[in-house]
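Next up, input-v6.cif (mmCIF, C-alpha atoms and all ligand atoms):
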data_structure
#
loop_
_atom_site.label_atom_id
_atom_site.label_comp_id
_atom_site.auth_asym_id
_atom_site.auth_seq_id
_atom_site.Cartn_x
_atom_site.Cartn_y
_atom_site.Cartn_z
CA MET U 137 -80.14 2.79 12.58
CA LYS U 138 -79.40 4.35 9.20
CA VAL U 139 -78.18 7.95 9.22
CA THR U 140 -77.86 10.07 6.08
CA ILE U 141 -75.70 13.18 6.36
CA ILE U 142 -76.64 15.76 3.73
CA GLY U 143 -73.61 18.00 3.30
CA GLY U 144 -71.51 15.10 4.59
CA GLY U 145 -68.63 16.04 2.33
CA GLY U 146 -68.12 19.30 4.26
CA ARG U 147 -66.27 19.89 7.49
CA VAL U 148 -69.20 19.60 9.91
CA GLY U 149 -70.81 16.65 8.13
CA SER U 150 -67.60 14.63 7.78
CA ASN U 151 -66.60 15.35 11.39
CA ALA U 152 -70.04 14.17 12.52
CA ALA U 153 -69.65 11.02 10.42
CA PHE U 154 -66.29 10.37 12.09
CA ALA U 155 -67.78 10.85 15.57
CA LEU U 156 -70.61 8.43 14.67
CA GLN U 157 -68.11 5.95 13.29
CA CYS U 158 -65.88 6.04 16.37
CA ALA U 159 -68.84 5.38 18.68
CA GLY U 160 -70.01 2.39 16.61
CA ILE U 161 -73.66 2.81 17.66
CA VAL U 162 -75.45 3.46 14.38
CA SER U 163 -75.20 0.71 11.77
CA GLU U 164 -75.19 2.63 8.50
CA ILE U 165 -73.81 6.06 7.57
CA GLN U 166 -74.60 7.53 4.17
CA ILE U 167 -72.68 10.59 3.00
CA LEU U 168 -74.66 12.75 0.59
CA ASP U 169 -73.26 15.96 -0.86
CA TYR U 170 -73.83 18.27 -3.78
CA ASN U 171 -70.13 17.78 -4.46
CA THR U 172 -70.32 14.07 -5.28
CA ASP U 173 -66.58 13.66 -5.63
CA LEU U 174 -66.05 15.04 -2.14
CA ALA U 175 -68.78 12.75 -0.78
CA GLU U 176 -67.12 9.72 -2.43
CA GLY U 177 -63.74 10.78 -1.05
CA GLU U 178 -64.95 11.26 2.53
CA ALA U 179 -66.97 8.03 2.46
CA LEU U 180 -63.99 6.08 1.15
CA ASP U 181 -61.63 7.58 3.73
CA LEU U 182 -64.08 6.75 6.53
CA LEU U 183 -64.69 3.27 5.13
CA HIS U 184 -60.96 2.59 5.27
CA GLY U 185 -61.19 3.01 9.04
CA ALA U 186 -64.25 0.78 9.40
CA SER U 187 -62.17 -2.31 10.05
CA VAL U 188 -60.47 -0.49 12.93
CA VAL U 189 -63.44 1.15 14.67
CA GLY U 190 -67.19 1.08 14.30
CA GLY U 191 -67.50 -1.61 11.65
CA GLN U 192 -70.47 0.15 10.05
CA ARG U 193 -71.60 0.32 6.45
CA ILE U 194 -70.36 3.67 5.16
CA TYR U 195 -70.91 4.90 1.61
CA ALA U 196 -71.65 7.92 -0.57
CA GLY U 197 -75.24 7.94 -1.75
CA ASP U 198 -78.11 9.96 -3.15
CA TYR U 199 -81.65 10.94 -2.21
CA ALA U 200 -83.21 7.75 -3.63
CA ARG U 201 -80.92 5.65 -1.46
CA ALA U 202 -81.63 7.89 1.52
CA ALA U 203 -85.39 7.29 1.48
CA ASP U 204 -85.28 4.58 4.16
CA SER U 205 -83.07 6.57 6.54
CA ASP U 206 -84.02 6.74 10.21
CA VAL U 207 -82.36 10.13 10.62
CA PHE U 208 -81.50 12.81 8.05
CA VAL U 209 -78.79 15.07 9.43
CA ILE U 210 -78.61 18.27 7.35
CA THR U 211 -75.24 20.01 7.52
CA ALA U 212 -75.24 21.38 3.97
CA GLY U 213 -74.89 25.08 3.75
CA LEU U 214 -72.70 28.06 3.54
CA ARG U 215 -70.39 29.02 6.36
CA ARG U 216 -70.62 32.22 8.35
CA LYS U 217 -67.94 34.83 7.62
CA PRO U 218 -66.10 35.99 10.78
CA ASP U 219 -67.97 39.33 10.91
CA GLU U 220 -71.35 37.91 9.89
CA SER U 221 -74.11 36.95 12.35
CA ARG U 222 -75.76 33.57 11.98
CA LEU U 223 -78.99 35.32 11.07
CA ASP U 224 -77.21 37.21 8.28
CA LEU U 225 -76.54 33.83 6.76
CA ILE U 226 -80.22 33.25 6.35
CA ASN U 227 -80.67 34.90 2.99
CA ARG U 228 -77.85 32.86 1.56
CA ASN U 229 -78.87 29.55 3.10
CA VAL U 230 -82.67 29.44 2.84
CA THR U 231 -82.87 28.84 -0.90
CA LEU U 232 -80.24 26.13 -0.74
CA PHE U 233 -81.97 24.51 2.24
CA ASP U 234 -85.38 24.65 0.56
CA GLY U 235 -83.92 22.75 -2.39
CA ILE U 236 -82.69 20.02 -0.05
CA LEU U 237 -86.11 19.68 1.61
CA THR U 238 -87.71 19.37 -1.82
CA SER U 239 -85.24 16.63 -2.77
CA ILE U 240 -85.97 14.71 0.45
CA LYS U 241 -89.70 15.05 -0.20
CA ASP U 242 -89.49 14.04 -3.87
CA ALA U 243 -87.43 10.94 -3.11
CA GLY U 244 -89.76 10.00 -0.23
CA PHE U 245 -88.99 9.30 3.40
CA ARG U 246 -90.27 7.02 6.14
CA SER U 247 -93.22 8.33 8.12
CA ASP U 248 -91.21 7.92 11.34
CA ALA U 249 -88.01 9.49 9.97
CA LEU U 250 -86.39 12.28 11.96
CA ILE U 251 -84.98 15.45 10.39
CA PHE U 252 -82.04 16.82 12.34
CA VAL U 253 -80.94 20.29 11.21
CA VAL U 254 -77.43 21.64 11.81
CA SER U 255 -77.05 24.22 9.01
CA ASN U 256 -77.29 27.85 10.09
CA PRO U 257 -79.26 29.76 11.10
CA VAL U 258 -80.24 26.51 12.73
CA ASP U 259 -83.37 27.61 14.63
CA ILE U 260 -84.91 29.25 11.56
CA LEU U 261 -84.05 26.34 9.27
CA THR U 262 -85.48 23.87 11.80
CA GLN U 263 -88.77 25.77 11.74
CA LEU U 264 -88.61 25.86 7.94
CA ALA U 265 -88.09 22.09 7.78
CA ALA U 266 -91.03 21.49 10.13
CA THR U 267 -93.21 23.77 7.99
CA ARG U 268 -92.21 22.34 4.63
CA LEU U 269 -92.15 18.61 5.32
CA GLY U 270 -95.52 18.40 7.06
CA LEU U 271 -94.12 16.08 9.74
CA PRO U 272 -95.21 16.28 13.38
CA THR U 273 -92.94 18.89 15.04
CA SER U 274 -91.62 16.13 17.33
CA GLN U 275 -89.85 14.62 14.31
CA VAL U 276 -87.92 17.76 13.39
CA LEU U 277 -85.14 18.98 15.64
CA GLY U 278 -82.16 21.28 15.34
CA LEU U 279 -78.74 21.22 17.00
CA GLY U 280 -79.76 24.46 18.71
CA THR U 281 -77.50 25.39 21.62
CA MET U 282 -75.87 21.94 21.96
CA LEU U 283 -72.51 23.25 20.74
CA ASP U 284 -72.75 26.46 22.79
CA THR U 285 -73.51 24.35 25.85
CA ALA U 286 -70.51 22.09 25.17
CA ARG U 287 -68.27 25.13 24.75
CA PHE U 288 -69.66 26.73 27.92
CA ARG U 289 -69.07 23.59 30.00
CA SER U 290 -65.53 23.05 28.82
CA LEU U 291 -64.56 26.69 29.36
CA ILE U 292 -66.06 26.70 32.88
CA ALA U 293 -64.21 23.46 33.66
CA ALA U 294 -60.91 24.88 32.45
CA GLN U 295 -61.45 27.99 34.61
CA ILE U 296 -62.04 26.02 37.82
CA ASP U 297 -59.60 23.26 36.89
CA GLN U 298 -62.16 20.44 36.98
CA SER U 299 -63.01 17.70 34.50
CA PRO U 300 -65.37 19.03 31.77
CA ALA U 301 -67.51 15.92 32.31
CA GLN U 302 -68.28 17.10 35.88
CA VAL U 303 -69.66 20.48 34.80
CA LYS U 304 -73.37 20.69 34.03
CA ALA U 305 -74.50 24.07 32.74
CA LEU U 306 -76.85 24.95 29.91
CA ILE U 307 -77.14 27.61 27.28
CA LEU U 308 -80.70 28.01 26.00
CA GLY U 309 -82.45 30.19 23.42
CA GLU U 310 -81.17 30.99 19.95
CA HIS U 311 -77.97 29.46 18.59
CA GLY U 312 -76.86 33.00 17.96
CA ASP U 313 -76.37 36.41 19.45
CA SER U 314 -79.34 36.23 21.85
CA MET U 315 -78.37 32.90 23.47
CA VAL U 316 -78.95 32.76 27.25
CA PRO U 317 -76.60 31.29 29.90
CA ILE U 318 -78.46 29.38 32.61
CA TRP U 319 -76.48 29.90 35.80
CA SER U 320 -79.42 29.12 38.12
CA SER U 321 -78.94 25.35 37.73
CA ALA U 322 -75.20 25.22 36.88
CA THR U 323 -73.26 22.65 38.89
CA CYS U 324 -69.90 20.91 39.12
CA ALA U 325 -70.03 17.38 40.55
CA GLY U 326 -73.52 18.16 41.81
CA LEU U 327 -72.39 21.30 43.72
CA PRO U 328 -73.78 24.73 42.78
CA LEU U 329 -71.22 26.56 40.66
CA GLU U 330 -72.15 29.94 42.13
CA LYS U 331 -70.87 28.73 45.52
CA PHE U 332 -67.40 27.93 44.17
CA PRO U 333 -64.72 30.31 45.49
CA GLY U 334 -64.23 33.26 43.16
CA PHE U 335 -67.17 32.33 40.97
CA ASN U 336 -68.58 35.87 40.96
CA ALA U 337 -70.72 37.81 38.48
CA SER U 338 -67.72 39.22 36.64
CA LEU U 339 -66.21 35.76 36.08
CA GLN U 340 -69.60 34.49 34.90
CA THR U 341 -69.85 37.29 32.35
CA GLN U 342 -66.32 36.59 31.18
CA LEU U 343 -66.97 32.85 30.74
CA PHE U 344 -70.28 33.33 28.94
CA THR U 345 -68.80 35.95 26.62
CA ARG U 346 -65.94 33.59 25.74
CA ALA U 347 -68.41 30.74 25.06
CA LYS U 348 -70.64 32.99 22.96
CA THR U 349 -67.80 34.33 20.84
CA SER U 350 -66.05 30.97 20.51
CA GLY U 351 -67.76 30.15 17.21
CA ALA U 352 -66.39 33.31 15.59
CA GLU U 353 -62.97 32.67 17.12
CA VAL U 354 -62.84 29.15 15.67
CA ILE U 355 -63.93 30.48 12.26
CA ARG U 356 -61.21 33.12 12.39
CA ARG U 357 -58.51 30.70 13.45
CA LYS U 358 -59.31 27.55 11.45
CA GLY U 359 -62.14 28.37 9.06
CA GLY U 360 -65.01 26.74 10.92
CA ALA U 361 -66.07 24.44 13.74
CA GLY U 362 -65.63 20.73 13.18
CA TRP U 363 -64.61 18.35 15.96
CA ALA U 364 -66.81 19.62 18.79
CA VAL U 365 -69.85 20.14 16.57
CA GLY U 366 -69.34 16.62 15.17
CA LEU U 367 -69.39 15.23 18.72
CA THR U 368 -72.53 17.15 19.70
CA ILE U 369 -74.30 15.93 16.54
CA ALA U 370 -73.32 12.37 17.48
CA GLU U 371 -74.61 12.92 21.04
CA VAL U 372 -78.07 13.77 19.70
CA VAL U 373 -78.07 10.91 17.16
CA HIS U 374 -77.08 8.46 19.91
CA ALA U 375 -79.87 9.74 22.19
CA ILE U 376 -82.22 8.91 19.30
CA ALA U 377 -80.64 5.58 18.34
CA LEU U 378 -80.55 4.27 21.91
CA ASN U 379 -83.85 5.90 22.89
CA ARG U 380 -81.98 7.43 25.80
CA GLN U 381 -84.68 9.97 26.74
CA GLU U 382 -81.81 12.35 27.36
CA LEU U 383 -82.38 15.97 28.40
CA LEU U 384 -80.63 18.07 25.75
CA PRO U 385 -80.78 21.75 24.67
CA VAL U 386 -81.89 20.98 21.10
CA SER U 387 -84.06 23.34 19.08
CA SER U 388 -87.62 22.46 18.11
CA VAL U 389 -90.92 24.19 17.44
CA GLN U 390 -92.43 25.08 20.80
CA ASN U 391 -95.96 24.40 21.99
CA GLY U 392 -96.20 26.23 25.29
CA CYS U 393 -93.03 25.55 27.29
CA TYR U 394 -92.08 28.84 29.04
CA GLY U 395 -95.09 30.28 27.22
CA LEU U 396 -93.33 29.92 23.86
CA ARG U 397 -95.25 28.90 20.75
CA ASN U 398 -94.64 28.69 17.00
CA VAL U 399 -90.94 29.38 17.25
CA SER U 400 -88.08 26.89 17.02
CA ILE U 401 -85.69 27.53 19.90
CA SER U 402 -83.69 25.56 22.46
CA VAL U 403 -85.30 24.70 25.78
CA PRO U 404 -84.50 21.62 27.91
CA THR U 405 -85.84 18.79 25.74
CA ILE U 406 -86.11 15.05 26.25
CA VAL U 407 -84.82 13.30 23.13
CA GLY U 408 -85.44 9.66 22.22
CA ARG U 409 -86.21 7.39 19.26
CA LYS U 410 -89.28 9.43 18.33
CA GLY U 411 -87.31 12.68 18.36
CA VAL U 412 -88.63 15.35 20.71
CA ILE U 413 -90.36 13.44 23.50
CA LYS U 414 -91.14 16.47 25.62
CA HIS U 415 -90.03 19.97 26.58
CA VAL U 416 -89.22 20.41 30.25
CA GLU U 417 -89.96 23.69 31.98
CA VAL U 418 -87.58 23.94 34.95
CA PRO U 419 -87.79 27.18 36.96
CA LEU U 420 -85.36 29.87 35.77
CA TRP U 421 -84.21 33.10 37.34
CA PRO U 422 -86.31 36.07 36.14
CA LYS U 423 -83.42 37.46 34.07
CA GLU U 424 -82.99 34.05 32.39
CA GLN U 425 -86.72 33.93 31.65
CA GLN U 426 -86.55 37.43 30.17
CA GLY U 427 -83.50 36.46 28.11
CA LEU U 428 -85.33 33.44 26.72
CA GLN U 429 -88.37 35.53 25.77
CA ALA U 430 -86.14 38.14 24.09
CA SER U 431 -84.30 35.40 22.20
CA ALA U 432 -87.61 33.95 20.99
CA GLN U 433 -88.72 37.41 19.90
CA ALA U 434 -85.53 37.89 17.86
CA LEU U 435 -86.19 34.58 16.10
CA ARG U 436 -89.88 35.39 15.52
CA THR U 437 -88.91 38.67 13.89
CA THR U 438 -86.51 36.91 11.53
CA TRP U 439 -89.05 34.20 10.79
CA SER U 440 -91.76 36.73 10.00
CA ASN U 441 -89.42 38.55 7.59
CA LEU U 442 -88.64 35.33 5.78
CA LYS U 443 -90.17 34.89 2.35
CA VAL U 444 -91.37 31.29 2.75
N1 LIG U 501 -75.61 24.54 14.41
C1 LIG U 501 -74.33 24.63 14.74
O1 LIG U 501 -73.98 24.58 15.94
C2 LIG U 501 -73.31 24.77 13.67
C3 LIG U 501 -73.70 24.93 12.37
N2 LIG U 501 -72.77 25.07 11.37
C4 LIG U 501 -73.29 25.25 10.03
O2 LIG U 501 -73.13 24.04 9.29
C5 LIG U 501 -73.11 24.35 7.90
C6 LIG U 501 -71.94 23.64 7.22
O3 LIG U 501 -70.70 24.13 7.69
P1 LIG U 501 -69.33 23.47 7.16
O4 LIG U 501 -69.43 22.00 7.14
O5 LIG U 501 -68.26 24.12 7.91
O6 LIG U 501 -69.30 23.98 5.65
P2 LIG U 501 -68.57 23.26 4.43
O7 LIG U 501 -68.49 24.29 3.36
O8 LIG U 501 -67.31 22.61 4.88
O9 LIG U 501 -69.58 22.11 4.02
C7 LIG U 501 -70.83 22.34 3.46
C8 LIG U 501 -71.09 21.20 2.51
O10 LIG U 501 -72.41 21.34 2.02
C9 LIG U 501 -72.39 20.91 0.67
N3 LIG U 501 -73.56 21.42 -0.01
C10 LIG U 501 -73.80 22.70 -0.41
N4 LIG U 501 -75.00 22.77 -1.01
C11 LIG U 501 -75.52 21.53 -0.96
C12 LIG U 501 -76.74 20.97 -1.41
N5 LIG U 501 -77.66 21.72 -2.00
N6 LIG U 501 -76.93 19.65 -1.22
C13 LIG U 501 -76.01 18.87 -0.61
N7 LIG U 501 -74.83 19.35 -0.16
C14 LIG U 501 -74.60 20.66 -0.33
C15 LIG U 501 -71.08 21.45 0.11
O11 LIG U 501 -70.69 20.77 -1.08
C16 LIG U 501 -70.15 21.19 1.29
O12 LIG U 501 -69.49 19.94 1.19
C17 LIG U 501 -73.06 25.89 7.82
O13 LIG U 501 -74.35 26.39 7.60
C18 LIG U 501 -72.56 26.28 9.20
O14 LIG U 501 -72.92 27.60 9.54
C19 LIG U 501 -71.44 24.99 11.63
C20 LIG U 501 -70.99 24.81 12.91
C21 LIG U 501 -71.89 24.73 14.04
C1 LIG U 502 -70.66 28.18 12.92
C2 LIG U 502 -71.35 28.16 14.21
O1 LIG U 502 -72.54 28.28 14.29
C3 LIG U 502 -70.57 27.95 15.40
O2 LIG U 502 -69.39 27.59 15.33
O3 LIG U 502 -71.13 28.15 16.49
#
Once more with this new file: its structure as structure tokens, please.
Amino acid sequence: MKVTIIGGGGRVGSNAAFALQCAGIVSEIQILDYNTDLAEGEALDLLHGASVVGGQRIYAGDYARAADSDVFVITAGLRRKPDESRLDLINRNVTLFDGILTSIKDAGFRSDALIFVVSNPVDILTQLAATRLGLPTSQVLGLGTMLDTARFRSLIAAQIDQSPAQVKALILGEHGDSMVPIWSSATCAGLPLEKFPGFNASLQTQLFTRAKTSGAEVIRRKGGAGWAVGLTIAEVVHAIALNRQELLPVSSVQNGCYGLRNVSISVPTIVGRKGVIKHVEVPLWPKEQQGLQASAQALRTTWSNLKV
């Protein structure tokens, strides 16, 4: 499996490359960046570790060399300022992102290649990629609420003093202000979280708020997310590489799940070698359903205002 990371010289891209390297599952990692010196530097630094872990081919490349990639991970883009919403970023990132899609198109890509969008606003840019590249929507996916879900799980686990690996709870909807916590199916070691002592509505609100504002907190404290987002990117790439058919909250253009259509948003999605295998509509509480619809509406409004 050959993975090209566009924007791989930046924090998110290089952290994703490191997570992929440590796992040793994909065989080839190409770092592509507008800043070619940075790409060369990151690729060289990673390559130096290849005799210790992973053992993959790692190099800095270009679009021509990327044409036979199995997965294009796009992390290139501008970062959100602490007081800026992810949707505010759109005006600054769309032109840049469009240029990248044109470069991928011009250089050519395999008909079964997958496009995996991380750059923000991720749901909008995922829809843009699906529109521009003319690929089946199953081949275009975005990181969506993967990172929010990871944050949510680890914060819940810390609160109840359990291993983060035991906590299963999802955030769905937009990777942004309208994201929706799914408490109806949240568990720890298979037990319903809402039955845990002290796990009341006020604690739930507190935990969700902390998860939702974590991105801004990380930006304020260290400039931007890196390690956790790198790991969640690797989780999706590994689900693809190993055809795991894993249920993940990635973003993709919807075709009817929860009544949603023509909007890229996170719902429970089975991910495998062909990308989006299927969307899974598990019953939600009415307020979760309403939250998901409102989130989709917020994204539709942004999409319809976009000059594409
Ligand atoms: N979906 C998610 O959960 C998350 C998304 N992000 C998003 O990821 C993106 C990248 O964030 P960071 O890595 O922190 O930023 P960064 O500034 O560290 O890296 C961005 C990289 O993109 C490169 N780049 C810019 N224009 C390019 C182009 N046209 N072609 C190729 N490379 C280009 C830059 O040279 C730079 O190396 C941002 O849009 C950020 O908002 C960040 C964290 C989480
Ligand atoms: C930057 C961003 O989207 C996050 O850290 O959640």
Worksheet item: Quick one: residues within 9 Å of Ala159 of chain U, all atoms listed in the file counted, chain neighbours fewer than 2 positions away excluded, as a list of chain:residue names?
Response: U:Phe154, U:Ala155, U:Leu156, U:Gln157, U:Ile161, U:Val162, U:Val189, U:Gly190, U:Ala370, U:His374
Practice prompt. Identify, on the basis of all atoms listed in the file, every residue whose closest approach to segment 409-419 of chain U does not exceed 6 Å; exclude the query and any residue fewer than 2 positions from it along the same chain; express the result as JSON, numbers by chain.
Written response: {"U": [274, 275, 376, 377, 379, 393, 404, 405, 406, 407]}
At a cut-off of 10 Å and counting only C-alpha atoms and all ligand atoms, what residues surround ligand LIG 502 (chain U)? Please answer as a tab-separated table (two decimals) with C-alpha atoms, keeping the file's coordinate frame.
chain	number	residue	atom	x	y	z
U	148	VAL	CA	-69.20	19.60	9.91
U	214	LEU	CA	-72.70	28.06	3.54
U	215	ARG	CA	-70.39	29.02	6.36
U	216	ARG	CA	-70.62	32.22	8.35
U	217	LYS	CA	-67.94	34.83	7.62
U	218	PRO	CA	-66.10	35.99	10.78
U	221	SER	CA	-74.11	36.95	12.35
U	222	ARG	CA	-75.76	33.57	11.98
U	254	VAL	CA	-77.43	21.64	11.81
U	255	SER	CA	-77.05	24.22	9.01
U	256	ASN	CA	-77.29	27.85	10.09
U	257	PRO	CA	-79.26	29.76	11.10
U	258	VAL	CA	-80.24	26.51	12.73
U	279	LEU	CA	-78.74	21.22	17.00
U	280	GLY	CA	-79.76	24.46	18.71
U	281	THR	CA	-77.50	25.39	21.62
U	282	MET	CA	-75.87	21.94	21.96
U	283	LEU	CA	-72.51	23.25	20.74
U	284	ASP	CA	-72.75	26.46	22.79
U	287	ARG	CA	-68.27	25.13	24.75
U	311	HIS	CA	-77.97	29.46	18.59
U	312	GLY	CA	-76.86	33.00	17.96
U	347	ALA	CA	-68.41	30.74	25.06
U	348	LYS	CA	-70.64	32.99	22.96
U	349	THR	CA	-67.80	34.33	20.84
U	350	SER	CA	-66.05	30.97	20.51
U	351	GLY	CA	-67.76	30.15	17.21
U	352	ALA	CA	-66.39	33.31	15.59
U	353	GLU	CA	-62.97	32.67	17.12
U	354	VAL	CA	-62.84	29.15	15.67
U	355	ILE	CA	-63.93	30.48	12.26
U	359	GLY	CA	-62.14	28.37	9.06
U	360	GLY	CA	-65.01	26.74	10.92
U	361	ALA	CA	-66.07	24.44	13.74
U	362	GLY	CA	-65.63	20.73	13.18
U	364	ALA	CA	-66.81	19.62	18.79
U	365	VAL	CA	-69.85	20.14	16.57
Item to complete: Anything within 10 Å of (-76.2, 30.5, 35.3): list those residues as a PyMOL selection string, counting all atoms listed in the file and sticking to the file's coordinates.
Response: chain U and resi 305-307+316-323+328-330+337+340-341+344+420-421+424
Practice prompt. For atom P2 of ligand LIG 501 (chain U) and atom CA of Asn151 of chain U, quote the distance in Å rounded to one decimal.
Written response: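 Separation of atom P2 of ligand LIG 501 (chain U) and atom CA of Asn151 of chain U: 10.7 Å.
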Discussion item. Considering all atoms listed in the file, can you say which of U:Gly309, U:Gly366, U:Pro385, U:Gly197 comes closest to Ser150 of chain U?
Written reply: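 So, comparing all the options, the nearest one is U:Gly366.
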Worksheet entry | Separation of atom CA of Arg356 of chain U from atom O5 of ligand LIG 501 (chain U), in Å and rounded to one decimal |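 Computed distance, atom CA of Arg356 of chain U to atom O5 of ligand LIG 501 (chain U), equals 12.3 Å.
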Worksheet item: Quick one: of U:Gln302, U:Ser290, U:Asn227, U:Thr368, who's nearest to ligand LIG 501 (chain U), counting only C-alpha atoms and all ligand atoms?
Response: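 Of the candidates, the smallest distance to ligand LIG 501 (chain U) is held by U:Thr368.
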Worksheet item: In terms of the shortest atom-to-atom distance over only C-alpha atoms and all ligand atoms, which of U:Gly392, U:Gly160, U:Gly213, U:Pro422 is closest to ligand LIG 501 (chain U)?
Response: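 That would be U:Gly213, the residue with the smallest distance to ligand LIG 501 (chain U).
Residues within 9 Å of Leu428 of chain U, counting all atoms listed in the file and excluding same-chain residues fewer than 5 positions away, are Leu308, Gly309, Glu310, Ser314, Met315, Val316, Tyr394, Val403, Lys423 and Gln433 of chain U.
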With C-alpha atoms kept, could you save the residues just selected as a PDB file, in the frame of the given file?
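Once written, result.pdb looks like this:
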ATOM      1  CA  LEU U 308     -80.700  28.010  26.000  1.00  0.00           C
ATOM      2  CA  GLY U 309     -82.450  30.190  23.420  1.00  0.00           C
ATOM      3  CA  GLU U 310     -81.170  30.990  19.950  1.00  0.00           C
ATOM      4  CA  SER U 314     -79.340  36.230  21.850  1.00  0.00           C
ATOM      5  CA  MET U 315     -78.370  32.900  23.470  1.00  0.00           C
ATOM      6  CA  VAL U 316     -78.950  32.760  27.250  1.00  0.00           C
ATOM      7  CA  TYR U 394     -92.080  28.840  29.040  1.00  0.00           C
ATOM      8  CA  VAL U 403     -85.300  24.700  25.780  1.00  0.00           C
ATOM      9  CA  LYS U 423     -83.420  37.460  34.070  1.00  0.00           C
ATOM     10  CA  GLN U 433     -88.720  37.410  19.900  1.00  0.00           C
TER      11      GLN U 433
END
Worksheet item: Mind pulling up the distance from atom CA of Ala175 of chain U to atom CA of Ala243 of chain U?
Response: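 These two atoms are separated by 18.9 Å.
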Discussion item. Could you check the closest approach to Gly427 of chain U for each of U:Ile226, U:Asp313, U:Phe288, U:Glu164 and tell me which residue wins, using all atoms listed in the file?
Written reply: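 Of all the options, U:Asp313 lies closest to Gly427 of chain U.
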Fill in: Proximity to Leu367 of chain U - best of U:Ala153, U:Val276, U:Cys324, U:Ile141, all atoms listed in the file
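Of U:Ala153, U:Val276, U:Cys324, U:Ile141, the one nearest Leu367 of chain U is U:Ala153, counting all atoms listed in the file.
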Discussion item. Using only C-alpha atoms and all ligand atoms, can you tell me which of U:Gly326, U:Gly177, U:Gly185, U:Gly408 comes closest to ligand LIG 501 (chain U)?
Written reply: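 The closest residue to ligand LIG 501 (chain U) is U:Gly177.
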Worksheet item: Which neighbours of Leu435 of chain U fall inside 8 Å, counting only C-alpha atoms, when residues of the same chain fewer than 5 positions from it are skipped, and could you give them as a ChimeraX atom specification?
Response: /U:259-260,310,399-400
Write to file, as a CSV table (one decimal), in the frame of the given file, the residues of the selection just made, with C-alpha atoms.
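Output saved as part26.csv:
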chain,number,residue,atom,x,y,z
U,259,ASP,CA,-83.4,27.6,14.6
U,260,ILE,CA,-84.9,29.2,11.6
U,310,GLU,CA,-81.2,31.0,20.0
U,399,VAL,CA,-90.9,29.4,17.2
U,400,SER,CA,-88.1,26.9,17.0
